[in-house]
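Student: The structure file work_11.cif (mmCIF, C-alpha atoms) is provided below.
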data_entry
loop_
_atom_site.group_PDB
_atom_site.id
_atom_site.type_symbol
_atom_site.label_atom_id
_atom_site.label_comp_id
_atom_site.auth_asym_id
_atom_site.auth_seq_id
_atom_site.Cartn_x
_atom_site.Cartn_y
_atom_site.Cartn_z
ATOM 1 C CA MET A 12 63.798 91.384 85.763
ATOM 2 C CA LYS A 13 66.200 92.913 88.240
ATOM 3 C CA ILE A 14 65.860 96.398 89.712
ATOM 4 C CA ARG A 15 67.903 98.213 92.312
ATOM 5 C CA VAL A 16 66.106 100.179 95.014
ATOM 6 C CA GLU A 17 67.341 102.781 97.451
ATOM 7 C CA PHE A 18 65.199 103.579 100.490
ATOM 8 C CA VAL A 19 65.766 107.305 101.138
ATOM 9 C CA GLY A 20 65.424 109.012 104.513
ATOM 10 C CA ALA A 21 62.590 108.110 106.877
ATOM 11 C CA ILE A 22 61.058 105.410 104.709
ATOM 12 C CA ASN A 23 61.151 102.043 106.442
ATOM 13 C CA SER A 24 63.272 99.614 104.443
ATOM 14 C CA GLY A 25 61.729 96.712 106.371
ATOM 15 C CA PRO A 26 63.738 93.500 106.008
ATOM 16 C CA TYR A 27 65.928 95.005 103.264
ATOM 17 C CA ASN A 28 69.126 96.999 103.345
ATOM 18 C CA LYS A 29 68.886 100.700 102.490
ATOM 19 C CA GLU A 30 69.998 99.614 99.009
ATOM 20 C CA HIS A 31 68.636 96.320 97.769
ATOM 21 C CA GLU A 32 68.347 94.452 94.476
ATOM 22 C CA PHE A 33 64.973 92.857 93.734
ATOM 23 C CA ASN A 34 64.146 90.048 91.304
ATOM 24 C CA LEU A 35 60.666 90.752 89.955
ATOM 25 C CA LYS A 36 58.241 89.303 87.461
ATOM 26 C CA GLU A 37 57.926 91.145 84.137
ATOM 27 C CA MET A 38 55.220 93.767 83.402
ATOM 28 C CA LEU A 39 55.070 95.133 86.949
ATOM 29 C CA THR A 40 54.124 98.749 87.615
ATOM 30 C CA VAL A 41 55.708 100.919 90.300
ATOM 31 C CA LYS A 42 52.459 100.694 92.284
ATOM 32 C CA GLY A 43 52.394 96.921 91.878
ATOM 33 C CA PHE A 44 55.954 96.728 93.143
ATOM 34 C CA LEU A 45 55.242 99.005 96.137
ATOM 35 C CA GLU A 46 52.274 96.812 97.062
ATOM 36 C CA THR A 47 54.535 93.760 97.226
ATOM 37 C CA LEU A 48 56.657 95.488 99.883
ATOM 38 C CA HIS A 49 55.838 95.836 103.569
ATOM 39 C CA PHE A 50 54.285 99.323 103.431
ATOM 40 C CA ASP A 51 50.956 100.197 104.967
ATOM 41 C CA LYS A 52 48.509 100.663 102.091
ATOM 42 C CA GLY A 53 47.691 104.204 103.245
ATOM 43 C CA HIS A 54 51.340 105.232 103.104
ATOM 44 C CA ILE A 55 51.887 104.295 99.478
ATOM 45 C CA SER A 56 50.415 107.502 98.044
ATOM 46 C CA TYR A 57 52.907 109.479 100.180
ATOM 47 C CA ILE A 58 55.876 107.713 98.567
ATOM 48 C CA GLN A 59 57.726 109.638 95.863
ATOM 49 C CA VAL A 60 59.507 107.435 93.351
ATOM 50 C CA LEU A 61 62.496 108.387 91.283
ATOM 51 C CA ARG A 62 63.051 106.014 88.386
ATOM 52 C CA ASN A 63 66.533 106.346 86.930
ATOM 53 C CA GLY A 64 66.827 109.803 88.454
ATOM 54 C CA LYS A 65 63.458 111.149 87.327
ATOM 55 C CA ARG A 66 60.243 111.305 89.327
ATOM 56 C CA CYS A 67 57.678 108.906 87.918
ATOM 57 C CA PRO A 68 53.992 108.218 88.507
ATOM 58 C CA HIS A 69 53.092 105.022 90.321
ATOM 59 C CA SER A 70 51.310 103.825 87.180
ATOM 60 C CA GLU A 71 54.576 103.575 85.222
ATOM 61 C CA GLN A 72 55.835 100.152 84.214
ATOM 62 C CA LEU A 73 59.199 98.968 85.464
ATOM 63 C CA SER A 74 61.968 97.669 83.218
ATOM 64 C CA ASN A 75 64.926 95.413 83.770
ATOM 65 C CA GLY A 76 67.888 97.357 85.147
ATOM 66 C CA ASP A 77 65.823 100.197 86.603
ATOM 67 C CA ARG A 78 67.150 102.044 89.580
ATOM 68 C CA LEU A 79 64.500 103.370 91.971
ATOM 69 C CA GLU A 80 64.780 105.769 94.880
ATOM 70 C CA LEU A 81 61.844 105.687 97.287
ATOM 71 C CA MET A 82 61.166 108.659 99.524
ATOM 72 C CA LEU A 83 58.320 108.980 102.003
ATOM 73 C CA MET A 84 56.928 112.476 102.511
ATOM 74 C CA VAL A 85 57.162 113.065 106.251
ATOM 75 C CA GLY A 86 54.766 115.091 108.337
ATOM 76 C CA GLY A 87 56.351 116.026 111.645
ATOM 77 C CA GLY A 88 57.068 119.629 112.394
ATOM 78 C CA MET B 3 73.026 152.385 116.465
ATOM 79 C CA GLN B 4 73.664 152.666 112.715
ATOM 80 C CA PRO B 5 70.821 151.368 110.548
ATOM 81 C CA PHE B 6 71.445 147.742 109.628
ATOM 82 C CA ALA B 7 74.480 147.625 111.986
ATOM 83 C CA ARG B 8 73.374 144.299 113.409
ATOM 84 C CA TYR B 9 73.391 142.776 109.914
ATOM 85 C CA GLU B 10 76.948 143.858 109.091
ATOM 86 C CA LYS B 11 78.348 140.343 108.745
ATOM 87 C CA GLN B 12 75.338 139.100 106.800
ATOM 88 C CA MET B 13 75.600 142.014 104.366
ATOM 89 C CA LEU B 14 79.241 141.131 103.688
ATOM 90 C CA PHE B 15 77.875 138.038 101.980
ATOM 91 C CA LYS B 16 77.875 139.342 98.403
ATOM 92 C CA PRO B 17 74.587 137.862 97.120
ATOM 93 C CA LEU B 18 72.842 139.606 100.030
ATOM 94 C CA GLY B 19 74.523 142.994 100.555
ATOM 95 C CA LEU B 20 72.734 146.211 101.530
ATOM 96 C CA SER B 21 70.155 145.922 98.748
ATOM 97 C CA GLY B 22 69.248 142.407 99.850
ATOM 98 C CA GLN B 23 68.979 143.531 103.450
ATOM 99 C CA LYS B 24 66.553 146.278 102.426
ATOM 100 C CA LYS B 25 64.434 143.692 100.613
ATOM 101 C CA LEU B 26 64.361 141.544 103.735
ATOM 102 C CA GLN B 27 63.331 144.544 105.811
ATOM 103 C CA LYS B 28 60.300 145.109 103.555
ATOM 104 C CA ALA B 29 59.262 141.441 103.520
ATOM 105 C CA GLN B 30 56.518 139.736 105.487
ATOM 106 C CA VAL B 31 56.726 136.002 106.194
ATOM 107 C CA GLY B 32 54.092 133.826 107.860
ATOM 108 C CA ILE B 33 55.049 130.780 109.928
ATOM 109 C CA VAL B 34 52.382 128.121 110.366
ATOM 110 C CA GLY B 35 53.156 126.226 113.548
ATOM 111 C CA VAL B 36 55.537 127.380 116.271
ATOM 112 C CA GLY B 37 56.929 124.044 117.404
ATOM 113 C CA ALA B 38 60.241 122.467 116.467
ATOM 114 C CA LEU B 39 60.580 123.715 112.885
ATOM 115 C CA GLY B 40 58.658 126.923 113.607
ATOM 116 C CA THR B 41 60.823 128.135 116.492
ATOM 117 C CA ASN B 42 64.017 127.446 114.549
ATOM 118 C CA MET B 43 62.674 129.138 111.423
ATOM 119 C CA ALA B 44 61.339 132.135 113.365
ATOM 120 C CA SER B 45 64.659 132.628 115.149
ATOM 121 C CA LEU B 46 66.603 132.568 111.867
ATOM 122 C CA CYS B 47 64.122 134.889 110.127
ATOM 123 C CA ALA B 48 64.148 137.388 113.007
ATOM 124 C CA ARG B 49 67.939 137.389 113.266
ATOM 125 C CA ALA B 50 68.215 137.822 109.480
ATOM 126 C CA GLY B 51 66.038 140.944 109.677
ATOM 127 C CA ILE B 52 62.903 139.878 107.830
ATOM 128 C CA GLY B 53 60.833 142.953 108.593
ATOM 129 C CA SER B 54 57.549 141.351 109.580
ATOM 130 C CA LEU B 55 56.812 137.888 110.946
ATOM 131 C CA ILE B 56 53.414 136.338 111.589
ATOM 132 C CA LEU B 57 53.281 133.310 113.885
ATOM 133 C CA VAL B 58 50.273 131.004 114.189
ATOM 134 C CA ASP B 59 49.868 128.195 116.719
ATOM 135 C CA ASP B 60 47.173 127.338 119.267
ATOM 136 C CA ASP B 61 49.352 124.911 121.209
ATOM 137 C CA ARG B 62 51.110 125.300 124.573
ATOM 138 C CA VAL B 63 54.713 124.480 125.508
ATOM 139 C CA GLU B 64 55.325 121.059 127.105
ATOM 140 C CA LEU B 65 58.404 119.620 128.799
ATOM 141 C CA THR B 66 58.957 117.146 125.934
ATOM 142 C CA ASN B 67 59.176 120.061 123.460
ATOM 143 C CA LEU B 68 62.329 121.524 124.987
ATOM 144 C CA GLN B 69 64.660 118.984 123.343
ATOM 145 C CA ARG B 70 64.098 120.583 119.909
ATOM 146 C CA GLN B 71 61.976 123.754 120.179
ATOM 147 C CA MET B 72 64.798 126.229 120.407
ATOM 148 C CA LEU B 73 63.025 129.368 121.602
ATOM 149 C CA PHE B 74 61.602 127.764 124.752
ATOM 150 C CA ASP B 75 63.002 126.896 128.166
ATOM 151 C CA GLU B 76 61.615 125.388 131.369
ATOM 152 C CA SER B 77 60.013 128.660 132.460
ATOM 153 C CA ASP B 78 57.836 128.573 129.316
ATOM 154 C CA ILE B 79 56.064 125.277 130.073
ATOM 155 C CA GLY B 80 52.317 125.836 129.838
ATOM 156 C CA ALA B 81 52.631 129.095 127.875
ATOM 157 C CA LEU B 82 51.017 129.628 124.478
ATOM 158 C CA LYS B 83 53.740 128.901 121.944
ATOM 159 C CA ALA B 84 53.014 131.679 119.449
ATOM 160 C CA GLN B 85 52.743 134.343 122.140
ATOM 161 C CA ARG B 86 55.854 133.252 124.045
ATOM 162 C CA ALA B 87 57.869 132.867 120.849
ATOM 163 C CA ALA B 88 56.898 136.400 119.792
ATOM 164 C CA GLU B 89 58.145 137.723 123.146
ATOM 165 C CA LYS B 90 61.463 135.874 122.775
ATOM 166 C CA LEU B 91 61.894 137.079 119.186
ATOM 167 C CA ALA B 92 61.255 140.682 120.226
ATOM 168 C CA GLY B 93 64.203 140.307 122.599
ATOM 169 C CA ILE B 94 66.354 138.995 119.748
ATOM 170 C CA ASN B 95 65.415 141.712 117.266
ATOM 171 C CA SER B 96 63.388 144.721 118.414
ATOM 172 C CA GLU B 97 63.584 146.333 114.964
ATOM 173 C CA ILE B 98 61.131 143.958 113.300
ATOM 174 C CA LYS B 99 57.372 143.541 113.629
ATOM 175 C CA ILE B 100 56.071 140.274 115.083
ATOM 176 C CA GLU B 101 52.419 139.273 115.324
ATOM 177 C CA ALA B 102 51.224 136.165 117.145
ATOM 178 C CA PHE B 103 47.912 134.390 116.564
ATOM 179 C CA THR B 104 47.063 131.792 119.191
ATOM 180 C CA GLU B 105 44.368 130.086 117.157
ATOM 181 C CA ARG B 106 44.147 127.077 114.879
ATOM 182 C CA LEU B 107 44.543 127.878 111.195
ATOM 183 C CA THR B 108 41.322 127.275 109.255
ATOM 184 C CA GLU B 109 39.868 128.076 105.862
ATOM 185 C CA ALA B 110 37.886 130.844 107.583
ATOM 186 C CA ASN B 111 40.804 132.737 109.167
ATOM 187 C CA PHE B 112 43.555 132.013 106.610
ATOM 188 C CA SER B 113 43.318 135.121 104.451
ATOM 189 C CA ALA B 114 42.715 137.474 107.383
ATOM 190 C CA ILE B 115 45.992 136.301 108.923
ATOM 191 C CA PHE B 116 48.220 135.782 105.892
ATOM 192 C CA SER B 117 46.919 137.876 102.989
ATOM 193 C CA ALA B 118 49.828 140.357 103.097
ATOM 194 C CA CYS B 119 52.583 137.740 103.371
ATOM 195 C CA ASP B 120 55.204 137.407 100.640
ATOM 196 C CA LEU B 121 55.855 133.792 101.600
ATOM 197 C CA LEU B 122 54.561 131.227 104.074
ATOM 198 C CA LEU B 123 56.634 128.659 105.942
ATOM 199 C CA ASP B 124 55.017 125.346 106.764
ATOM 200 C CA ALA B 125 56.076 124.231 110.230
ATOM 201 C CA THR B 126 52.971 122.193 111.004
ATOM 202 C CA ASP B 127 52.964 118.649 112.311
ATOM 203 C CA ASN B 128 50.206 117.224 110.107
ATOM 204 C CA PHE B 129 49.199 116.848 106.481
ATOM 205 C CA ALA B 130 45.620 118.074 107.018
ATOM 206 C CA THR B 131 46.957 121.589 107.682
ATOM 207 C CA ARG B 132 49.427 121.266 104.786
ATOM 208 C CA PHE B 133 46.603 120.437 102.374
ATOM 209 C CA LEU B 134 44.741 123.500 103.704
ATOM 210 C CA LEU B 135 47.898 125.566 103.110
ATOM 211 C CA ASN B 136 48.180 124.134 99.607
ATOM 212 C CA SER B 137 44.616 124.976 98.597
ATOM 213 C CA GLN B 138 44.628 128.426 100.201
ATOM 214 C CA THR B 139 47.957 129.451 98.678
ATOM 215 C CA LEU B 140 46.814 128.240 95.256
ATOM 216 C CA SER B 141 43.772 130.522 95.609
ATOM 217 C CA ALA B 142 45.871 133.445 96.823
ATOM 218 C CA GLY B 143 48.834 132.851 94.500
ATOM 219 C CA GLN B 144 51.235 132.871 97.447
ATOM 220 C CA PRO B 145 54.429 130.827 97.495
ATOM 221 C CA TRP B 146 55.096 128.594 100.486
ATOM 222 C CA ILE B 147 57.709 126.142 101.647
ATOM 223 C CA TYR B 148 56.726 122.636 102.699
ATOM 224 C CA SER B 149 58.938 121.231 105.444
ATOM 225 C CA GLY B 150 58.602 117.985 107.345
ATOM 226 C CA VAL B 151 60.744 116.084 109.828
ATOM 227 C CA THR B 152 60.525 112.678 111.472
ATOM 228 C CA ALA B 153 63.112 110.535 113.242
ATOM 229 C CA SER B 154 66.447 111.611 111.704
ATOM 230 C CA SER B 155 65.054 112.639 108.293
ATOM 231 C CA GLY B 156 63.433 115.667 106.803
ATOM 232 C CA GLN B 157 62.403 117.301 103.562
ATOM 233 C CA CYS B 158 61.874 120.762 102.251
ATOM 234 C CA MET B 159 60.316 122.073 99.030
ATOM 235 C CA LEU B 160 59.359 125.501 97.731
ATOM 236 C CA ILE B 161 55.885 125.529 96.175
ATOM 237 C CA ASN B 162 55.170 128.418 93.826
ATOM 238 C CA PRO B 163 51.525 128.177 92.712
ATOM 239 C CA PHE B 164 51.004 127.175 89.065
ATOM 240 C CA ASP B 165 54.767 127.200 88.481
ATOM 241 C CA THR B 166 56.332 124.426 90.553
ATOM 242 C CA ALA B 167 54.675 121.185 91.603
ATOM 243 C CA CYS B 168 52.123 121.702 94.376
ATOM 244 C CA LEU B 169 51.586 119.363 97.310
ATOM 245 C CA ARG B 170 48.696 117.673 95.504
ATOM 246 C CA CYS B 171 50.983 116.984 92.529
ATOM 247 C CA LEU B 172 52.972 114.806 94.921
ATOM 248 C CA ILE B 173 50.179 113.377 97.057
ATOM 249 C CA SER B 174 47.003 113.203 95.029
ATOM 250 C CA GLU B 175 44.858 110.926 97.122
ATOM 251 C CA ASP B 176 43.004 112.045 100.233
ATOM 252 C CA THR B 177 44.625 109.355 102.301
ATOM 253 C CA MET B 178 44.907 110.324 105.925
ATOM 254 C CA VAL B 179 46.433 107.614 108.052
ATOM 255 C CA ASP B 180 46.694 107.604 111.831
ATOM 256 C CA ASP B 181 49.897 105.598 112.018
ATOM 257 C CA PHE B 182 51.857 107.741 109.561
ATOM 258 C CA PRO B 183 55.494 108.038 110.658
ATOM 259 C CA SER B 184 55.553 111.017 112.993
ATOM 260 C CA VAL B 185 57.311 112.485 115.979
ATOM 261 C CA HIS B 186 54.828 110.567 118.161
ATOM 262 C CA ASN B 187 55.637 107.083 116.874
ATOM 263 C CA SER B 188 59.053 107.393 115.201
ATOM 264 C CA GLY B 189 60.624 110.010 117.461
ATOM 265 C CA ILE B 190 62.824 112.897 116.395
ATOM 266 C CA ILE B 191 66.371 114.078 116.966
ATOM 267 C CA GLY B 192 67.082 117.781 117.355
ATOM 268 C CA PRO B 193 69.718 118.181 114.619
ATOM 269 C CA ILE B 194 67.362 117.281 111.765
ATOM 270 C CA VAL B 195 64.951 119.989 112.896
ATOM 271 C CA THR B 196 67.681 122.622 112.824
ATOM 272 C CA ILE B 197 68.952 121.419 109.442
ATOM 273 C CA ILE B 198 65.553 121.443 107.718
ATOM 274 C CA ALA B 199 64.558 124.768 109.287
ATOM 275 C CA SER B 200 67.853 126.188 108.038
ATOM 276 C CA VAL B 201 67.291 124.860 104.513
ATOM 277 C CA ALA B 202 63.792 126.387 104.501
ATOM 278 C CA VAL B 203 65.080 129.772 105.677
ATOM 279 C CA SER B 204 67.909 129.692 103.111
ATOM 280 C CA MET B 205 65.294 129.130 100.414
ATOM 281 C CA THR B 206 63.272 131.983 101.944
ATOM 282 C CA LEU B 207 66.152 134.473 101.939
ATOM 283 C CA ARG B 208 67.091 133.625 98.363
ATOM 284 C CA TYR B 209 63.480 133.860 97.233
ATOM 285 C CA LEU B 210 62.966 137.243 98.922
ATOM 286 C CA ILE B 211 66.261 138.662 97.648
ATOM 287 C CA GLU B 212 66.634 137.122 94.180
ATOM 288 C CA ASN B 213 63.147 135.735 93.549
ATOM 289 C CA HIS B 214 64.928 132.379 93.158
ATOM 290 C CA ILE B 215 62.648 129.351 92.965
ATOM 291 C CA GLU B 216 64.289 126.131 94.141
ATOM 292 C CA ARG B 217 62.637 123.325 92.162
ATOM 293 C CA ASP B 218 63.972 120.221 93.893
ATOM 294 C CA VAL B 219 62.811 118.605 97.077
ATOM 295 C CA ILE B 220 65.786 118.663 99.422
ATOM 296 C CA CYS B 221 65.982 115.582 101.644
ATOM 297 C CA PHE B 222 68.441 115.170 104.446
ATOM 298 C CA ASP B 223 69.168 112.434 106.942
ATOM 299 C CA ALA B 224 70.970 113.698 110.032
ATOM 300 C CA TRP B 225 71.974 110.211 111.188
ATOM 301 C CA ASP B 226 73.435 108.838 107.946
ATOM 302 C CA LEU B 227 74.472 112.394 106.957
ATOM 303 C CA ARG B 228 73.110 111.874 103.460
ATOM 304 C CA CYS B 229 71.485 114.507 101.289
ATOM 305 C CA HIS B 230 69.282 113.943 98.234
ATOM 306 C CA ARG B 231 67.893 116.434 95.734
ATOM 307 C CA ILE B 232 64.789 115.140 94.040
ATOM 308 C CA PRO B 233 63.573 117.059 90.992
ATOM 309 C CA MET B 234 59.834 117.665 91.049
ATOM 310 C CA GLU B 235 57.605 118.665 88.155
ATOM 311 C CA ARG B 236 53.900 119.414 88.088
ATOM 312 C CA THR B 237 51.769 116.323 87.656
ATOM 313 C CA PRO B 238 49.390 116.412 84.687
ATOM 314 C CA GLY B 239 45.807 116.245 85.952
ATOM 315 C CA CYS B 240 46.788 117.326 89.472
ATOM 316 C CA PRO B 241 43.590 117.839 91.505
ATOM 317 C CA GLY B 242 45.187 120.851 93.210
ATOM 318 C CA CYS B 243 46.876 123.047 90.599
ATOM 319 C CA ARG B 244 45.162 121.471 87.549
ATOM 320 C CA ALA B 245 48.435 121.147 85.650
#
Mind turning the file's structure into structure tokens?
Tutor:
Amino acid sequence: MKIRVEFVGAINSGPYNKEHEFNLKEMLTVKGFLETLHFDKGHISYIQVLRNGKRCPHSEQLSNGDRLELMLMVGGG
Amino acid sequence: MQPFARYEKQMLFKPLGLSGQKKLQKAQVGIVGVGALGTNMASLCARAGIGSLILVDDDRVELTNLQRQMLFDESDIGALKAQRAAEKLAGINSEIKIEAFTERLTEANFSAIFSACDLLLDATDNFATRFLLNSQTLSAGQPWIYSGVTASSGQCMLINPFDTACLRCLISEDTMVDDFPSVHNSGIIGPIVTIIASVAVSMTLRYLIENHIERDVICFDAWDLRCHRIPMERTPGCPGCRA
């Protein structure tokens, strides 16, 4: 399946552009997808995910054509 | 001087007006952390005429703070931030009450410092204190505004206990990581601090005047000049607010 991902704000997009299309295997959850990226494991729970414009839990399953926005909660003050 | 004379231009803004100004005068706002966000927020709150401000920070001013901590200058290096900020704010607006606490916020001193506040502003630099704020405000039923900045990005969200999502709705696991993106490893540019502090104080004014609850997280990037609104709902089974 193909999904489109936008890395919002301070989140590190790693080797990808701020907007990137991913080709993924079927039956992948949001958490499973995040774990395939370059993020530190401890950071993943601080990432808010919007799936097609609506916040979704990391346990949700992805579908072909999904559009995700990933935002890392930041802590500086 | 006529009462409210200094707020003349602000009161011309119709949603605020004289009645809004009177509400601000009666309000008490607590600011947790008097660093980059905290000094900007405190300055805006004092200038707007919020009647009582409580500042908490146990830290001292350093040279590297001056790039973004707007109330301080070179003569303040080494001074206690909360105390020095209170002195500067008194010079900006002598008609409001300002209290400074130069101690670290803990579970033990939280209610003694903040129990009378209408709203708290998070200007801390760590999630441990934010989780303390979250649990204490849930117990006290006090609204607060989460704000965070790093590099060129920042976020802001009003948390109204048992109504909006709480911080634990968004971050459920007790995962504290040392290398989390922060001012210390990712840097920070001044404009994002001013922008996020301004968004937080706008939310504050509107909450105090209209009881308006902003339900989206507002995200801004001051380098790309992009803004996102992210709708947040309570998370069923949240360990904090038990949605």
Student: What residues in chain A have any atom no more than 7 Å from chain B when counting all atoms listed in the file, and can you write them as a list in words?
Tutor: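 So the contacting residues turn out to be Gly20, Ala21, Gly53, His54, Ser56, Tyr57, Lys65, Arg66, Val85, Gly86, Gly87 and Gly88 of chain A.
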Student: Excluding B:Ala44 and residues on its chain fewer than 2 positions from it, collect all residues at most 12 Å away from it, counting all atoms listed in the file, and give them as a ChimeraX atom specification.
Tutor: /B:30-42,46-58,71-73,83-84,87-92,94-95,98,100-102,122-125,196,199-200,202-203,206
Student: Just want the 8 Å neighbourhood of A:Leu61, counted on all atoms listed in the file, with same-chain residues fewer than 6 positions away dropped. Output as a PyMOL selection string.
Tutor: (chain A and resi 67+79-81) or (chain B and resi 232)
Student: Could you tell me, as number ranges by chain, exactly which residues end up selected when the PyMOL selection byres ((chain B and resi 6-9) around 9) is applied to this structure?
Tutor: B: 3-5, 10-14, 20, 23-24, 49-51
Student: Give the answer as one residue: which of B:Glu109, B:Leu160, B:Glu64, B:Ala114 has the shortest atom-to-atom distance to B:Leu135, using only C-alpha atoms?
Tutor: B:Glu109
Student: Between B:Ile215, B:Met43, B:Leu68, B:Ala245, which is the closest to B:Gly192 once you count all atoms listed in the file?
Tutor: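 Residue with the minimum atom-to-atom distance to B:Gly192: B:Leu68.
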Student: Tell me which of A:Ser24, A:Asn34, A:Asn63, A:Ser74 sits closest to A:Leu48, counting all atoms listed in the file.
Tutor: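 For A:Leu48, the nearest of the given residues is A:Ser24.
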